Amino acid sequence: MSVNLNVMLMDCYAYHGESDKALDIFTTLSKTPGTTISPVKILYLATCLMKAKRTDDVFNVLEFLK
């Protein structure tokens with residue numbers, strides 16, 4: 001699957017509260033060199049994780065914005 005399609009899928013999962021699936025895709029994408037993920041999509045994922053009370057994962061995801 002293409003990177004852009006995976007980013008869209010991650011965003012869709014985050015929108016619908018599927019934090020595990022969204023985080024799995026994010027983890028895969030973040031390990032892929034040259035991957036660019038929009039800061040807005042990262043914030044959507046962080047919001048989804050926060051709603052699921054997964055604060056450690058929120059901080060790990062937000063580290064990607066550095």
# chains A, B, ... in the order shown; residues from 1 in each chain; ligands from 1

$ residues_around --residues "A:Thr36" --least-positions-apart "6" --cutoff "10 Å" --atoms "only C-alpha atoms" --output "list of chain:residue names"
A:Val3, A:Asn4, A:Val7, A:Leu29, A:Ser30

$ write_last_selection --atoms "N, CA and C atoms" --output "mmCIF file, in the first residue's frame"
data_model
loop_
_atom_site.group_PDB
_atom_site.id
_atom_site.type_symbol
_atom_site.label_atom_id
_atom_site.label_comp_id
_atom_site.auth_asym_id
_atom_site.auth_seq_id
_atom_site.Cartn_x
_atom_site.Cartn_y
_atom_site.Cartn_z
ATOM 1 N N VAL A 3 2.225 5.068 0.816
ATOM 2 C CA VAL A 3 2.345 5.836 2.057
ATOM 3 C C VAL A 3 1.140 6.746 2.244
ATOM 4 N N ASN A 4 0.725 7.420 1.178
ATOM 5 C CA ASN A 4 -0.412 8.344 1.288
ATOM 6 C C ASN A 4 -1.690 7.617 1.674
ATOM 7 N N VAL A 7 -1.511 6.821 5.357
ATOM 8 C CA VAL A 7 -1.767 8.020 6.166
ATOM 9 C C VAL A 7 -3.271 8.297 6.226
ATOM 10 N N LEU A 29 4.628 3.675 9.672
ATOM 11 C CA LEU A 29 4.992 4.826 8.837
ATOM 12 C C LEU A 29 6.181 5.592 9.407
ATOM 13 N N SER A 30 6.234 5.730 10.718
ATOM 14 C CA SER A 30 7.309 6.515 11.329
ATOM 15 C C SER A 30 8.666 5.838 11.169
#

$ select_by_dssp --residues "chain A" --states "alpha helix (DSSP H)" --output "short mmCIF file (atom, residue, chain, number, x, y, z; two decimals) with C-alpha atoms, in the first residue's frame"
data_model
loop_
_atom_site.label_atom_id
_atom_site.label_comp_id
_atom_site.auth_asym_id
_atom_site.auth_seq_id
_atom_site.Cartn_x
_atom_site.Cartn_y
_atom_site.Cartn_z
CA VAL A 3 2.35 5.84 2.06
CA ASN A 4 -0.41 8.34 1.29
CA LEU A 5 -3.07 5.65 1.48
CA ASN A 6 -1.70 4.46 4.81
CA VAL A 7 -1.77 8.02 6.17
CA MET A 8 -5.40 8.38 5.09
CA LEU A 9 -6.26 5.03 6.67
CA MET A 10 -4.53 6.05 9.91
CA ASP A 11 -6.51 9.28 9.92
CA CYS A 12 -9.76 7.40 9.33
CA TYR A 13 -9.06 4.98 12.18
CA ALA A 14 -8.22 7.89 14.49
CA TYR A 15 -11.42 9.70 13.52
CA SER A 19 -6.61 3.92 18.47
CA ASP A 20 -4.84 0.53 18.25
CA LYS A 21 -5.14 0.29 14.47
CA ALA A 22 -4.23 3.95 13.95
CA LEU A 23 -1.17 3.65 16.20
CA ASP A 24 -0.03 0.48 14.42
CA ILE A 25 -0.09 2.26 11.08
CA PHE A 26 1.64 5.32 12.54
CA THR A 27 4.39 3.15 14.02
CA THR A 28 4.98 1.50 10.67
CA LEU A 29 4.99 4.83 8.84
CA SER A 30 7.31 6.51 11.33
CA PRO A 39 1.04 17.65 11.66
CA VAL A 40 -2.76 17.88 11.63
CA LYS A 41 -3.06 14.12 11.13
CA ILE A 42 -0.59 13.51 13.94
CA LEU A 43 -2.68 15.74 16.21
CA TYR A 44 -5.84 13.81 15.26
CA LEU A 45 -4.06 10.61 16.25
CA ALA A 46 -2.85 12.16 19.51
CA THR A 47 -6.40 13.30 20.29
CA CYS A 48 -7.72 9.80 19.63
CA LEU A 49 -5.09 8.33 21.94
CA MET A 50 -5.85 10.90 24.62
CA LYS A 51 -9.54 10.00 24.51
CA THR A 55 -0.98 9.32 27.54
CA ASP A 56 2.38 7.57 27.08
CA ASP A 57 1.51 6.87 23.45
CA VAL A 58 0.38 10.49 23.01
CA PHE A 59 3.82 11.77 24.00
CA ASN A 60 5.54 9.22 21.76
CA VAL A 61 3.43 10.30 18.78
CA LEU A 62 3.98 14.01 19.47
#

$ closest_residue --among "A:Ser2, A:Gly17, A:Phe64, A:Ala52" --to "A:Ile37" --atoms "only C-alpha atoms"
A:Phe64

$ decode --residues "stretch 20-58 of chain A" --atoms "N, CA and C atoms" --output "CSV table (one decimal), in the first residue's frame"
chain,number,residue,atom,x,y,z
A,20,ASP,N,-5.8,1.6,18.5
A,20,ASP,CA,-4.8,0.5,18.3
A,20,ASP,C,-4.4,0.4,16.8
A,21,LYS,N,-5.4,0.4,15.9
A,21,LYS,CA,-5.1,0.3,14.5
A,21,LYS,C,-4.4,1.5,14.0
A,22,ALA,N,-4.9,2.7,14.4
A,22,ALA,CA,-4.2,4.0,14.0
A,22,ALA,C,-2.8,4.0,14.4
A,23,LEU,N,-2.5,3.6,15.7
A,23,LEU,CA,-1.2,3.6,16.2
A,23,LEU,C,-0.3,2.6,15.5
A,24,ASP,N,-0.8,1.5,15.2
A,24,ASP,CA,0.0,0.5,14.4
A,24,ASP,C,0.4,1.0,13.1
A,25,ILE,N,-0.5,1.7,12.4
A,25,ILE,CA,-0.1,2.3,11.1
A,25,ILE,C,0.9,3.4,11.3
A,26,PHE,N,0.7,4.2,12.3
A,26,PHE,CA,1.6,5.3,12.5
A,26,PHE,C,3.0,4.8,12.8
A,27,THR,N,3.1,3.7,13.7
A,27,THR,CA,4.4,3.1,14.0
A,27,THR,C,5.1,2.6,12.8
A,28,THR,N,4.4,2.0,11.9
A,28,THR,CA,5.0,1.5,10.7
A,28,THR,C,5.5,2.7,9.8
A,29,LEU,N,4.6,3.7,9.7
A,29,LEU,CA,5.0,4.8,8.8
A,29,LEU,C,6.2,5.6,9.4
A,30,SER,N,6.2,5.7,10.7
A,30,SER,CA,7.3,6.5,11.3
A,30,SER,C,8.7,5.8,11.2
A,31,LYS,N,8.7,4.5,11.0
A,31,LYS,CA,9.9,3.8,10.7
A,31,LYS,C,10.4,3.8,9.3
A,32,THR,N,9.5,4.3,8.4
A,32,THR,CA,9.8,4.3,7.0
A,32,THR,C,10.5,5.6,6.7
A,33,PRO,N,11.8,5.5,6.1
A,33,PRO,CA,12.5,6.7,5.8
A,33,PRO,C,11.8,7.6,4.8
A,34,GLY,N,11.9,8.9,5.0
A,34,GLY,CA,11.3,9.8,4.0
A,34,GLY,C,9.8,10.0,4.1
A,35,THR,N,9.2,9.4,5.1
A,35,THR,CA,7.7,9.5,5.2
A,35,THR,C,7.4,10.9,5.8
A,36,THR,N,6.4,11.6,5.2
A,36,THR,CA,6.0,12.8,5.7
A,36,THR,C,4.5,12.7,6.1
A,37,ILE,N,4.2,13.0,7.4
A,37,ILE,CA,2.8,12.9,7.9
A,37,ILE,C,2.5,14.3,8.3
A,38,SER,N,1.3,14.8,7.8
A,38,SER,CA,0.9,16.1,8.2
A,38,SER,C,0.7,16.3,9.7
A,39,PRO,N,1.2,17.4,10.2
A,39,PRO,CA,1.0,17.6,11.7
A,39,PRO,C,-0.4,17.6,12.1
A,40,VAL,N,-1.3,17.9,11.3
A,40,VAL,CA,-2.8,17.9,11.6
A,40,VAL,C,-3.2,16.4,11.8
A,41,LYS,N,-2.7,15.5,11.0
A,41,LYS,CA,-3.1,14.1,11.1
A,41,LYS,C,-2.4,13.5,12.4
A,42,ILE,N,-1.2,14.0,12.7
A,42,ILE,CA,-0.6,13.5,13.9
A,42,ILE,C,-1.4,14.0,15.2
A,43,LEU,N,-1.9,15.2,15.1
A,43,LEU,CA,-2.7,15.7,16.2
A,43,LEU,C,-4.0,15.0,16.3
A,44,TYR,N,-4.6,14.6,15.2
A,44,TYR,CA,-5.8,13.8,15.3
A,44,TYR,C,-5.6,12.5,16.0
A,45,LEU,N,-4.4,11.9,15.6
A,45,LEU,CA,-4.1,10.6,16.3
A,45,LEU,C,-3.8,10.8,17.7
A,46,ALA,N,-3.1,11.9,18.1
A,46,ALA,CA,-2.8,12.2,19.5
A,46,ALA,C,-4.1,12.4,20.3
A,47,THR,N,-5.1,13.1,19.7
A,47,THR,CA,-6.4,13.3,20.3
A,47,THR,C,-7.1,12.0,20.5
A,48,CYS,N,-7.1,11.1,19.5
A,48,CYS,CA,-7.7,9.8,19.6
A,48,CYS,C,-7.1,9.0,20.8
A,49,LEU,N,-5.8,9.0,20.9
A,49,LEU,CA,-5.1,8.3,21.9
A,49,LEU,C,-5.4,8.9,23.3
A,50,MET,N,-5.5,10.2,23.4
A,50,MET,CA,-5.9,10.9,24.6
A,50,MET,C,-7.2,10.5,25.1
A,51,LYS,N,-8.2,10.4,24.2
A,51,LYS,CA,-9.5,10.0,24.5
A,51,LYS,C,-9.6,8.6,25.0
A,52,ALA,N,-8.6,7.8,24.5
A,52,ALA,CA,-8.5,6.4,25.0
A,52,ALA,C,-7.6,6.3,26.3
A,53,LYS,N,-7.2,7.4,26.8
A,53,LYS,CA,-6.4,7.5,28.0
A,53,LYS,C,-5.1,6.8,27.9
A,54,ARG,N,-4.4,7.0,26.7
A,54,ARG,CA,-3.1,6.4,26.4
A,54,ARG,C,-2.1,7.5,26.4
A,55,THR,N,-1.8,8.1,27.5
A,55,THR,CA,-1.0,9.3,27.5
A,55,THR,C,0.5,9.0,27.1
A,56,ASP,N,1.0,7.9,27.5
A,56,ASP,CA,2.4,7.6,27.1
A,56,ASP,C,2.5,7.5,25.6
A,57,ASP,N,1.5,6.9,24.9
A,57,ASP,CA,1.5,6.9,23.5
A,57,ASP,C,1.3,8.3,22.8
A,58,VAL,N,0.6,9.1,23.5
A,58,VAL,CA,0.4,10.5,23.0
A,58,VAL,C,1.7,11.2,22.9
